[in-house]
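Below is one structure, written out as structure tokens, with a few remarks after it.
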Amino acid sequence: MISLLKICIKTVIKMNLNYSKTLPVRYDVDVFVIGGGPAGVAAAVSAANEGRSVLLVESFGAFGGAAVNALVPAFMQFGDGVNFLAGGIGKQVREYIRENCVAESKKCCPDSIPVETLKLCYDEMITKAGVQFRFFTSVSDMIVEDGTVQYAICSGKGEIFAVKAKMFIDCTGDGDAAVAAGAEFEMGDENGDTMAATLCALWHNIDWKRVVRPDSRRLDDAFADHVFTNEDRHLPGIWPISTSTGGSNAGHVYDIDGTSAESLTRGMVEGRRQLLEYRNYYKNYLTGYEESEPIISATQIGIRETRRIMGDYVLNVEDFLSRAVFADEIGRYAYPIDIHSGKNTAEGYKEYEKKFADLRYSKGESYGIPYRSILVKGLHNMYTAGRCISTDRSMQASVRVMPCCFITGQAAGTAAAMAVETNVDSRGIDIVELQRRLQENGTYITPAAAE
């Protein structure tokens, strides 16, 4: 049954405008997940598999987050070289792709992303779990009373409506829902500067048999010939997706605020302009790309860094260095600290190279992620999962990649379901029981942490 909720919305343009509107409460669920990237899918499926009613909303027209909408071409590592860390939902996704992608794709980079296969994987997982879901829907505001979120205000194609839920999980990457609920956050470095963004693209007619890595080996020649507007030495390159196609992660767009539509608009235009420069570079300077063409750029610029929502514990670089183990551990991960420079300078690139070389692990090493880092300080019934969990800047540069988003999403969804099941807030669940359920479903937790 749809109920009505009367709210007051204030919009600031060049003046203040106050107006009231009565909204329908279209959903009343146990768990509301905001954002359908890897963290959101993992959270929604995990909560539903625990027997809870779940609603998942996604602002684009498909699940997948950066892999689908920003065309990020590869997952990054799922394990530490010994242990498969992103077990459970992450492993199911990886196995689905390997079983269902075309034969030629299986011969390429093992963790490249065939976008259409990934979309179908997520559609099937969400549908099979019985999750209610809506595309083209975003959360605009939250209504909070005494630290408890009561309603989320959503805008979708053709309507504005409210969602009532017992537990809320912010998987937006940017912490949009948590901030709307009043959560504390940090963003960027000490000056507020964030990592550069990248507009990714799909390419075809690449002769991978003739390609010689690294992709950056002829940059000096291209700089001398004034191919690029900016001399950007950071070039992750093009990943193989099939025997003749690839996904590019090329070019940095600087000074982009991923939480601002105006800034993102500028970034998209600049990214498309830069793509033409990289087309020139790949076709005329590198072997194997002579006949290649970028066939489509992403509908969303790839954002590496925005808000870090403050939780009960801030996972920090010292935890990375110590290979930390936590009593309330909900998973472990091992990706290096990968901070792309926010400034297009030689000094910025050298600093990136040094950190990426120094802050990485040997085979079998990993760090723990505590339950306290997916809680939201000051709120009783909200979790974060994915890039916006509670970390310092260095650790966000590790947890931000997709396999770790599966880990934190699975933990948040399972925890939220347990909180509803036992009628407690997010800090009242039994951590040992949470760890047992996570391990039962494939999550890797240090044995010492789960004793």
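Residue numbering restarts at 1 in every chain; chains get A, B, ... in the order shown in the structure tokens, and ligands count up from 1 in that same order.
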
Subject >> Selection: 6 Å around Thr443 (chain A), only C-alpha atoms, excl. self and same-chain fewer than 2 positions, as JSON, numbers by chain >> reply: {"A": [87, 88, 438, 439]}

Include N, CA, C and O atoms and write out the residues we just selected as a CSV table (one decimal), in the first residue's frame.
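As written to disk, out11.csv reads:
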chain,number,residue,atom,x,y,z
A,87,GLY,N,35.8,-13.5,-2.4
A,87,GLY,CA,35.0,-14.7,-2.5
A,87,GLY,C,33.5,-14.4,-2.5
A,87,GLY,O,33.1,-13.3,-2.3
A,88,GLY,N,32.7,-15.4,-2.6
A,88,GLY,CA,31.2,-15.2,-2.6
A,88,GLY,C,30.8,-14.5,-3.8
A,88,GLY,O,30.9,-15.1,-4.9
A,438,LEU,N,29.6,-14.7,6.7
A,438,LEU,CA,30.5,-14.3,5.5
A,438,LEU,C,31.4,-15.4,5.1
A,438,LEU,O,31.5,-15.6,3.9
A,439,GLN,N,32.0,-16.1,6.0
A,439,GLN,CA,32.9,-17.2,5.6
A,439,GLN,C,32.2,-18.3,5.0
A,439,GLN,O,32.7,-18.9,4.0

**OP:** Excluding region 93-102 of chain A and residues on its chain fewer than 4 positions from it, collect all residues at most 9 Å away from it, counting only C-alpha atoms, and give them as a PyMOL selection string.
**Re:** chain A and resi 78+88-89+106+110-111+113-114+116-118+121-122+125+242

Please save N, CA, C and O atoms of the selected residues as a JSON list (two decimals), in the first residue's frame.
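Contents of the output file result11.json:
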[["chain", "number", "residue", "atom", "x", "y", "z"],
["A", 78, "PHE", "N", 41.64, -10.14, -7.73],
["A", 78, "PHE", "CA", 40.64, -10.71, -6.84],
["A", 78, "PHE", "C", 41.27, -11.33, -5.59],
["A", 78, "PHE", "O", 40.56, -11.63, -4.64],
["A", 88, "GLY", "N", 32.68, -15.43, -2.62],
["A", 88, "GLY", "CA", 31.24, -15.20, -2.57],
["A", 88, "GLY", "C", 30.76, -14.53, -3.84],
["A", 88, "GLY", "O", 30.92, -15.06, -4.94],
["A", 89, "ILE", "N", 30.14, -13.34, -3.72],
["A", 89, "ILE", "CA", 29.57, -12.64, -4.87],
["A", 89, "ILE", "C", 30.65, -12.35, -5.92],
["A", 89, "ILE", "O", 30.44, -12.54, -7.12],
["A", 106, "LYS", "N", 38.37, -15.36, -23.72],
["A", 106, "LYS", "CA", 39.01, -16.13, -22.66],
["A", 106, "LYS", "C", 40.52, -16.22, -22.84],
["A", 106, "LYS", "O", 41.25, -16.52, -21.91],
["A", 110, "PRO", "N", 42.90, -12.14, -18.25],
["A", 110, "PRO", "CA", 41.90, -12.92, -17.52],
["A", 110, "PRO", "C", 40.89, -12.10, -16.73],
["A", 110, "PRO", "O", 39.79, -12.58, -16.46],
["A", 111, "ASP", "N", 41.23, -10.87, -16.37],
["A", 111, "ASP", "CA", 40.29, -10.06, -15.60],
["A", 111, "ASP", "C", 39.83, -8.82, -16.36],
["A", 111, "ASP", "O", 39.39, -7.84, -15.76],
["A", 113, "ILE", "N", 37.06, -6.92, -18.81],
["A", 113, "ILE", "CA", 35.61, -6.87, -18.62],
["A", 113, "ILE", "C", 34.88, -6.82, -19.96],
["A", 113, "ILE", "O", 34.89, -5.78, -20.64],
["A", 114, "PRO", "N", 34.22, -7.93, -20.36],
["A", 114, "PRO", "CA", 33.30, -7.87, -21.50],
["A", 114, "PRO", "C", 31.98, -7.27, -21.01],
["A", 114, "PRO", "O", 31.23, -7.91, -20.25],
["A", 116, "GLU", "N", 28.88, -6.39, -22.02],
["A", 116, "GLU", "CA", 27.54, -6.94, -22.16],
["A", 116, "GLU", "C", 27.37, -8.22, -21.34],
["A", 116, "GLU", "O", 26.30, -8.47, -20.77],
["A", 117, "THR", "N", 28.41, -9.02, -21.26],
["A", 117, "THR", "CA", 28.35, -10.22, -20.43],
["A", 117, "THR", "C", 28.18, -9.85, -18.96],
["A", 117, "THR", "O", 27.41, -10.48, -18.23],
["A", 118, "LEU", "N", 28.89, -8.81, -18.53],
["A", 118, "LEU", "CA", 28.79, -8.38, -17.13],
["A", 118, "LEU", "C", 27.38, -7.85, -16.83],
["A", 118, "LEU", "O", 26.82, -8.14, -15.77],
["A", 121, "CYS", "N", 25.14, -10.78, -16.35],
["A", 121, "CYS", "CA", 25.47, -11.44, -15.08],
["A", 121, "CYS", "C", 24.76, -10.76, -13.92],
["A", 121, "CYS", "O", 24.09, -11.41, -13.11],
["A", 122, "TYR", "N", 24.87, -9.44, -13.84],
["A", 122, "TYR", "CA", 24.24, -8.71, -12.75],
["A", 122, "TYR", "C", 22.71, -8.79, -12.83],
["A", 122, "TYR", "O", 22.04, -8.95, -11.80],
["A", 125, "MET", "N", 21.77, -12.22, -11.49],
["A", 125, "MET", "CA", 22.00, -12.35, -10.04],
["A", 125, "MET", "C", 20.92, -11.63, -9.24],
["A", 125, "MET", "O", 20.37, -12.18, -8.28],
["A", 242, "SER", "N", 39.10, -8.82, -26.39],
["A", 242, "SER", "CA", 39.01, -9.98, -27.27],
["A", 242, "SER", "C", 40.21, -9.93, -28.19],
["A", 242, "SER", "O", 41.12, -9.11, -28.00]]

Original post:
Using only C-alpha atoms, which residues sit within 8 Å of region 35-39 of chain A once same-chain residues fewer than 3 positions away are excluded, as number ranges by chain?
Top reply: A: 42-43, 56-59, 62-66, 170-173, 385-386, 402-403, 405-410

Prev. selection, C-alpha atoms, output as a PDB file, in the first residue's frame:
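Output below, filename again21.pdb:
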ATOM      1  CA  ALA A  42      26.816  -7.586  -3.698  1.00  0.00           C
ATOM      2  CA  ALA A  43      24.947  -5.832  -0.870  1.00  0.00           C
ATOM      3  CA  LEU A  56      18.046  -1.493  -5.168  1.00  0.00           C
ATOM      4  CA  VAL A  57      18.074   1.732  -7.203  1.00  0.00           C
ATOM      5  CA  GLU A  58      20.571   2.681  -9.904  1.00  0.00           C
ATOM      6  CA  SER A  59      20.840   6.048 -11.660  1.00  0.00           C
ATOM      7  CA  ALA A  62      22.265  -1.097 -16.081  1.00  0.00           C
ATOM      8  CA  PHE A  63      24.025  -2.511 -13.062  1.00  0.00           C
ATOM      9  CA  GLY A  64      27.810  -2.474 -13.048  1.00  0.00           C
ATOM     10  CA  GLY A  65      28.954   0.972 -11.987  1.00  0.00           C
ATOM     11  CA  ALA A  66      32.281   2.078 -13.430  1.00  0.00           C
ATOM     12  CA  ASP A 170      25.114   3.770   0.503  1.00  0.00           C
ATOM     13  CA  CYS A 171      26.891   2.195  -2.484  1.00  0.00           C
ATOM     14  CA  THR A 172      27.020   5.348  -4.599  1.00  0.00           C
ATOM     15  CA  GLY A 173      30.821   5.563  -4.542  1.00  0.00           C
ATOM     16  CA  ALA A 385      30.147  -0.079   0.911  1.00  0.00           C
ATOM     17  CA  GLY A 386      32.553   0.403  -1.960  1.00  0.00           C
ATOM     18  CA  MET A 402      35.940  -3.527  -7.957  1.00  0.00           C
ATOM     19  CA  PRO A 403      36.962  -6.757  -6.178  1.00  0.00           C
ATOM     20  CA  CYS A 405      33.777  -3.362  -3.554  1.00  0.00           C
ATOM     21  CA  PHE A 406      32.376  -6.906  -3.740  1.00  0.00           C
ATOM     22  CA  ILE A 407      33.935  -7.622  -0.334  1.00  0.00           C
ATOM     23  CA  THR A 408      32.530  -4.583   1.484  1.00  0.00           C
ATOM     24  CA  GLY A 409      29.181  -4.840  -0.301  1.00  0.00           C
ATOM     25  CA  GLN A 410      28.726  -8.460   0.705  1.00  0.00           C
TER      26      GLN A 410
END

**OP:** Using DSSP on the backbone coordinates, identify the residues of region 186-299 of chain A assigned to helix (DSSP H, G or I); present them as an MDAnalysis selection string.
**Re:** chainID A and resid 219:224 261:285

**OP:** Compile the contact shell of Ala162 (chain A) as a ChimeraX atom specification: residues with an atom at most 12 Å away, counting only C-alpha atoms, same-chain residues fewer than 2 positions apart removed.
**Re:** /A:2-7,21-29,32,137-143,150-156,159-160,164-165

**OP:** Determine which residues of region 53-193 of chain A receive a DSSP assignment of strand (DSSP E), computed from the backbone, and state them as a ChimeraX atom specification.
**Re:** /A:54-57,132-134,137-145,148-156,159-170,185-187

Could you take the residues named above and write them with C-alpha atoms, as a CSV table (one decimal), in the first residue's frame?
chain,number,residue,atom,x,y,z
A,54,VAL,CA,15.4,-5.5,-0.6
A,55,LEU,CA,15.1,-2.5,-3.0
A,56,LEU,CA,18.0,-1.5,-5.2
A,57,VAL,CA,18.1,1.7,-7.2
A,132,GLN,CA,13.2,-5.3,-6.3
A,133,PHE,CA,15.0,-2.8,-8.4
A,134,ARG,CA,14.7,0.3,-10.5
A,137,THR,CA,16.5,6.4,-10.1
A,138,SER,CA,18.6,8.5,-7.7
A,139,VAL,CA,18.4,9.5,-4.1
A,140,SER,CA,18.0,13.2,-3.7
A,141,ASP,CA,17.6,13.6,0.1
A,142,MET,CA,17.2,11.6,3.3
A,143,ILE,CA,14.9,12.2,6.3
A,144,VAL,CA,16.6,11.5,9.6
A,145,GLU,CA,15.2,11.6,13.2
A,148,THR,CA,17.9,7.0,12.5
A,149,VAL,CA,17.1,7.4,8.7
A,150,GLN,CA,13.4,7.2,8.2
A,151,TYR,CA,12.9,7.8,4.5
A,152,ALA,CA,15.0,8.3,1.4
A,153,ILE,CA,13.6,10.8,-1.2
A,154,CYS,CA,14.1,9.5,-4.7
A,155,SER,CA,13.8,11.0,-8.1
A,156,GLY,CA,13.1,8.7,-11.1
A,159,GLU,CA,8.2,11.0,-10.5
A,160,ILE,CA,9.5,11.9,-7.1
A,161,PHE,CA,8.8,9.4,-4.3
A,162,ALA,CA,9.9,8.2,-0.9
A,163,VAL,CA,11.3,4.9,0.3
A,164,LYS,CA,10.9,3.7,3.9
A,165,ALA,CA,13.4,1.1,5.1
A,166,LYS,CA,14.8,-0.4,8.3
A,167,MET,CA,18.4,-0.3,7.0
A,168,PHE,CA,20.1,1.8,4.3
A,169,ILE,CA,23.3,1.0,2.4
A,170,ASP,CA,25.1,3.8,0.5
A,185,PHE,CA,33.1,13.1,5.3
A,186,GLU,CA,36.6,13.9,4.0
A,187,MET,CA,37.6,14.4,0.4

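For the residues A:Thr391, A:Thr194, A:Thr446, A:Ser53, ranking by smallest atom-to-atom distance to Ser341 (chain A) using only C-alpha atoms places A:Thr194 first.
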
Original post:
Quick one: of A:Ile445, A:Leu286, A:Val227, A:Leu264, who's nearest to Trp208 (chain A), counting only C-alpha atoms?
Top reply: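 Of A:Ile445, A:Leu286, A:Val227, A:Leu264, the one nearest Trp208 (chain A) is A:Leu286, counting only C-alpha atoms.
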
**OP:** Name the residues in contact with Gly331 (chain A) at a cut-off of 12 Å, using only C-alpha atoms, excluding same-chain residues fewer than 2 positions from it; report them as a ChimeraX atom specification.
**Re:** /A:79,83-88,324-329,333-334,366-371,373-374,399,403-412,434-439,441-447,449-450

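Atom pair CA of Glu291 (chain A) / CA of Asn205 (chain A): separated by 5.8 Å.
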
Can you pull out the residues contacting Lys283 (chain A)? Cut-off 12 Å, using only C-alpha atoms, and skip same-chain residues under 2 positions away; I want them as a CSV table (one decimal) with all heavy atoms, in the first residue's frame.
chain,number,residue,atom,x,y,z
A,203,TRP,N,37.9,0.1,-28.1
A,203,TRP,CA,38.6,0.2,-29.4
A,203,TRP,C,38.4,-1.1,-30.2
A,203,TRP,O,38.3,-2.1,-29.5
A,203,TRP,CB,40.1,0.5,-29.2
A,203,TRP,CG,40.4,1.8,-28.5
A,203,TRP,CD1,40.0,2.2,-27.3
A,203,TRP,CD2,41.3,2.8,-29.0
A,203,TRP,NE1,40.5,3.4,-27.0
A,203,TRP,CE2,41.3,3.8,-28.0
A,203,TRP,CE3,42.0,2.9,-30.2
A,203,TRP,CZ2,42.1,5.0,-28.2
A,203,TRP,CZ3,42.8,4.1,-30.3
A,203,TRP,CH2,42.8,5.1,-29.3
A,204,HIS,N,38.5,-1.0,-31.5
A,204,HIS,CA,38.5,-2.2,-32.3
A,204,HIS,C,39.6,-2.2,-33.3
A,204,HIS,O,40.3,-1.2,-33.5
A,204,HIS,CB,37.1,-2.5,-32.9
A,204,HIS,CG,36.8,-1.6,-34.1
A,204,HIS,ND1,36.0,-2.0,-35.1
A,204,HIS,CD2,37.2,-0.4,-34.5
A,204,HIS,CE1,35.9,-1.0,-36.0
A,204,HIS,NE2,36.6,0.0,-35.6
A,205,ASN,N,39.8,-3.3,-34.0
A,205,ASN,CA,40.9,-3.5,-35.0
A,205,ASN,C,42.3,-3.3,-34.4
A,205,ASN,O,43.1,-2.8,-35.1
A,205,ASN,CB,40.7,-2.5,-36.2
A,205,ASN,CG,39.5,-2.8,-37.1
A,205,ASN,OD1,39.1,-4.0,-37.1
A,205,ASN,ND2,39.1,-1.9,-37.9
A,206,ILE,N,42.4,-3.9,-33.2
A,206,ILE,CA,43.8,-3.9,-32.7
A,206,ILE,C,44.4,-5.3,-33.0
A,206,ILE,O,43.8,-6.3,-32.8
A,206,ILE,CB,43.7,-3.7,-31.1
A,206,ILE,CG1,43.1,-2.4,-30.8
A,206,ILE,CG2,45.1,-3.8,-30.5
A,206,ILE,CD1,42.8,-2.2,-29.3
A,207,ASP,N,45.6,-5.2,-33.5
A,207,ASP,CA,46.4,-6.5,-33.7
A,207,ASP,C,47.2,-6.8,-32.5
A,207,ASP,O,48.4,-6.5,-32.4
A,207,ASP,CB,47.2,-6.3,-35.0
A,207,ASP,CG,47.9,-7.6,-35.4
A,207,ASP,OD1,47.8,-8.6,-34.7
A,207,ASP,OD2,48.5,-7.6,-36.5
A,211,VAL,N,51.3,-6.1,-30.8
A,211,VAL,CA,51.4,-5.0,-29.8
A,211,VAL,C,52.6,-5.3,-28.9
A,211,VAL,O,52.8,-6.5,-28.5
A,211,VAL,CB,50.1,-4.9,-29.0
A,211,VAL,CG1,50.3,-4.1,-27.7
A,211,VAL,CG2,49.0,-4.3,-29.8
A,215,ASP,N,52.6,0.8,-23.2
A,215,ASP,CA,51.9,1.7,-24.2
A,215,ASP,C,52.6,3.1,-24.1
A,215,ASP,O,52.4,3.9,-25.0
A,215,ASP,CB,50.5,1.9,-23.8
A,215,ASP,CG,49.7,0.6,-24.1
A,215,ASP,OD1,50.2,-0.3,-24.7
A,215,ASP,OD2,48.5,0.6,-23.8
A,218,ARG,N,56.6,5.4,-26.4
A,218,ARG,CA,56.9,6.4,-27.4
A,218,ARG,C,56.3,7.8,-27.0
A,218,ARG,O,56.2,8.7,-27.9
A,218,ARG,CB,56.2,6.0,-28.8
A,218,ARG,CG,56.8,4.8,-29.4
A,218,ARG,CD,58.2,5.0,-30.1
A,218,ARG,NE,58.2,6.2,-31.0
A,218,ARG,CZ,57.7,6.2,-32.3
A,218,ARG,NH1,57.3,5.1,-32.8
A,218,ARG,NH2,57.8,7.3,-33.0
A,222,ALA,N,56.1,11.5,-29.1
A,222,ALA,CA,54.8,12.2,-29.3
A,222,ALA,C,54.8,13.6,-28.7
A,222,ALA,O,54.2,14.5,-29.3
A,222,ALA,CB,53.6,11.4,-28.8
A,227,VAL,N,51.8,16.1,-30.2
A,227,VAL,CA,50.6,15.4,-30.4
A,227,VAL,C,49.6,15.7,-29.2
A,227,VAL,O,48.4,15.7,-29.5
A,227,VAL,CB,50.9,13.8,-30.4
A,227,VAL,CG1,49.6,13.0,-30.3
A,227,VAL,CG2,51.7,13.5,-31.7
A,276,LEU,N,40.8,11.9,-29.0
A,276,LEU,CA,41.3,12.1,-30.3
A,276,LEU,C,42.8,12.2,-30.4
A,276,LEU,O,43.5,11.7,-31.3
A,276,LEU,CB,40.7,13.4,-30.9
A,276,LEU,CG,39.2,13.3,-31.3
A,276,LEU,CD1,38.7,14.6,-31.9
A,276,LEU,CD2,38.9,12.2,-32.2
A,277,GLU,N,43.4,12.8,-29.3
A,277,GLU,CA,44.9,12.9,-29.3
A,277,GLU,C,45.4,11.5,-29.0
A,277,GLU,O,46.5,11.1,-29.7
A,277,GLU,CB,45.3,13.8,-28.1
A,277,GLU,CG,44.9,15.3,-28.4
A,277,GLU,CD,45.3,16.2,-27.2
A,277,GLU,OE1,45.7,15.7,-26.2
A,277,GLU,OE2,45.2,17.4,-27.5
A,278,TYR,N,44.8,10.7,-28.2
A,278,TYR,CA,45.3,9.3,-28.0
A,278,TYR,C,45.1,8.4,-29.2
A,278,TYR,O,45.9,7.5,-29.5
A,278,TYR,CB,44.7,8.7,-26.7
A,278,TYR,CG,45.3,9.2,-25.5
A,278,TYR,CD1,44.9,10.3,-24.8
A,278,TYR,CD2,46.5,8.6,-25.0
A,278,TYR,CE1,45.5,10.8,-23.7
A,278,TYR,CE2,47.2,9.1,-23.9
A,278,TYR,CZ,46.7,10.2,-23.3
A,278,TYR,OH,47.3,10.7,-22.2
A,279,ARG,N,44.0,8.7,-30.0
A,279,ARG,CA,43.8,8.0,-31.3
A,279,ARG,C,45.0,8.3,-32.2
A,279,ARG,O,45.6,7.3,-32.8
A,279,ARG,CB,42.5,8.5,-31.9
A,279,ARG,CG,42.3,7.9,-33.3
A,279,ARG,CD,41.0,8.6,-33.9
A,279,ARG,NE,40.7,8.0,-35.2
A,279,ARG,CZ,41.3,8.5,-36.4
A,279,ARG,NH1,42.1,9.5,-36.3
A,279,ARG,NH2,40.9,8.0,-37.5
A,280,ASN,N,45.4,9.5,-32.3
A,280,ASN,CA,46.6,9.9,-33.1
A,280,ASN,C,47.8,9.1,-32.6
A,280,ASN,O,48.6,8.6,-33.4
A,280,ASN,CB,46.8,11.4,-33.0
A,280,ASN,CG,48.0,11.9,-33.9
A,280,ASN,OD1,48.7,11.1,-34.5
A,280,ASN,ND2,48.1,13.2,-33.9
A,281,TYR,N,48.0,9.1,-31.3
A,281,TYR,CA,49.2,8.5,-30.7
A,281,TYR,C,49.3,7.0,-31.0
A,281,TYR,O,50.3,6.5,-31.5
A,281,TYR,CB,49.2,8.8,-29.2
A,281,TYR,CG,50.3,8.0,-28.4
A,281,TYR,CD1,51.7,8.3,-28.7
A,281,TYR,CD2,50.0,7.0,-27.5
A,281,TYR,CE1,52.7,7.6,-28.0
A,281,TYR,CE2,51.0,6.3,-26.8
A,281,TYR,CZ,52.3,6.6,-27.1
A,281,TYR,OH,53.3,5.9,-26.4
A,285,TYR,N,52.1,5.9,-33.6
A,285,TYR,CA,53.4,5.7,-32.8
A,285,TYR,C,53.6,4.3,-32.3
A,285,TYR,O,54.7,4.0,-31.9
A,285,TYR,CB,53.4,6.7,-31.7
A,285,TYR,CG,53.7,8.2,-32.1
A,285,TYR,CD1,52.6,8.9,-32.6
A,285,TYR,CD2,54.9,8.8,-32.1
A,285,TYR,CE1,52.7,10.2,-33.0
A,285,TYR,CE2,55.1,10.1,-32.6
A,285,TYR,CZ,54.0,10.8,-33.0
A,285,TYR,OH,54.2,12.1,-33.4
A,286,LEU,N,52.6,3.5,-32.2
A,286,LEU,CA,52.7,2.2,-31.6
A,286,LEU,C,52.3,1.1,-32.6
A,286,LEU,O,51.4,1.2,-33.4
A,286,LEU,CB,51.8,2.1,-30.4
A,286,LEU,CG,52.1,3.1,-29.2
A,286,LEU,CD1,51.1,2.9,-28.1
A,286,LEU,CD2,53.5,3.0,-28.7
A,287,THR,N,53.1,0.0,-32.5
A,287,THR,CA,52.9,-1.1,-33.4
A,287,THR,C,51.6,-1.9,-33.0
A,287,THR,O,51.4,-2.1,-31.8
A,287,THR,CB,54.1,-2.1,-33.3
A,287,THR,OG1,55.3,-1.3,-33.7
A,287,THR,CG2,54.0,-3.3,-34.3
A,288,GLY,N,50.9,-2.3,-33.9
A,288,GLY,CA,49.7,-3.1,-33.7
A,288,GLY,C,48.4,-2.4,-33.6
A,288,GLY,O,47.3,-2.9,-33.6
A,289,TYR,N,48.5,-1.0,-33.6
A,289,TYR,CA,47.4,-0.2,-33.4
A,289,TYR,C,47.1,0.6,-34.7
A,289,TYR,O,46.2,1.5,-34.7
A,289,TYR,CB,47.5,0.8,-32.3
A,289,TYR,CG,47.7,0.2,-30.9
A,289,TYR,CD1,48.9,0.0,-30.3
A,289,TYR,CD2,46.5,-0.2,-30.2
A,289,TYR,CE1,49.0,-0.6,-29.1
A,289,TYR,CE2,46.6,-0.8,-28.9
A,289,TYR,CZ,47.9,-1.0,-28.4
A,289,TYR,OH,48.0,-1.5,-27.1
A,290,GLU,N,47.8,0.3,-35.8
A,290,GLU,CA,47.7,1.2,-37.0
A,290,GLU,C,46.3,1.3,-37.6
A,290,GLU,O,45.9,2.3,-38.1
A,290,GLU,CB,48.6,0.6,-38.1
A,290,GLU,CG,50.1,0.7,-37.8
A,290,GLU,CD,50.6,-0.5,-37.0
A,290,GLU,OE1,49.8,-1.4,-36.5
A,290,GLU,OE2,51.8,-0.7,-36.8
A,291,GLU,N,45.5,0.2,-37.5
A,291,GLU,CA,44.2,0.2,-38.0
A,291,GLU,C,43.1,0.4,-36.9
A,291,GLU,O,41.9,0.3,-37.2
A,291,GLU,CB,43.9,-1.1,-38.8
A,291,GLU,CG,44.9,-1.4,-39.9
A,291,GLU,CD,44.8,-0.2,-40.9
A,291,GLU,OE1,43.7,0.3,-41.2
A,291,GLU,OE2,45.9,0.1,-41.5
A,292,SER,N,43.5,0.6,-35.7
A,292,SER,CA,42.6,0.7,-34.6
A,292,SER,C,41.8,2.0,-34.6
A,292,SER,O,42.2,3.0,-35.1
A,292,SER,CB,43.4,0.6,-33.3
A,292,SER,OG,44.2,1.7,-33.0
A,293,GLU,N,40.6,1.9,-34.0
A,293,GLU,CA,39.7,3.1,-33.8
A,293,GLU,C,39.0,3.0,-32.5
A,293,GLU,O,38.5,1.9,-32.1
A,293,GLU,CB,38.7,3.1,-35.0
A,293,GLU,CG,39.2,3.5,-36.3
A,293,GLU,CD,39.7,4.9,-36.4
A,293,GLU,OE1,39.3,5.8,-35.6
A,293,GLU,OE2,40.4,5.2,-37.4
A,294,PRO,N,38.9,4.1,-31.8
A,294,PRO,CA,38.0,4.1,-30.6
A,294,PRO,C,36.6,4.2,-31.2
A,294,PRO,O,36.2,5.1,-31.9
A,294,PRO,CB,38.4,5.4,-29.9
A,294,PRO,CG,39.0,6.3,-31.0
A,294,PRO,CD,39.6,5.4,-32.0

**OP:** Give me the residues within 9 Å of Ser394 (chain A) as an MDAnalysis selection string, counting only C-alpha atoms and dropping any in the same chain fewer than 3 places off.
**Re:** chainID A and resid 316:317 337:339 391 397:398

Please, could you write that set of residues out with C-alpha atoms as a PDB file, in the first residue's frame?
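Final output, selection.pdb:
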ATOM      1  CA  ASN A 316      44.577   3.973   7.415  1.00  0.00           C
ATOM      2  CA  VAL A 317      47.953   3.579   5.777  1.00  0.00           C
ATOM      3  CA  ILE A 337      48.002   2.077  -2.846  1.00  0.00           C
ATOM      4  CA  ASP A 338      47.343   3.585  -6.259  1.00  0.00           C
ATOM      5  CA  ILE A 339      47.089   7.393  -6.035  1.00  0.00           C
ATOM      6  CA  THR A 391      39.365   5.253   5.235  1.00  0.00           C
ATOM      7  CA  ALA A 397      43.258   4.368  -3.230  1.00  0.00           C
ATOM      8  CA  SER A 398      43.335   0.617  -2.526  1.00  0.00           C
TER       9      SER A 398
END
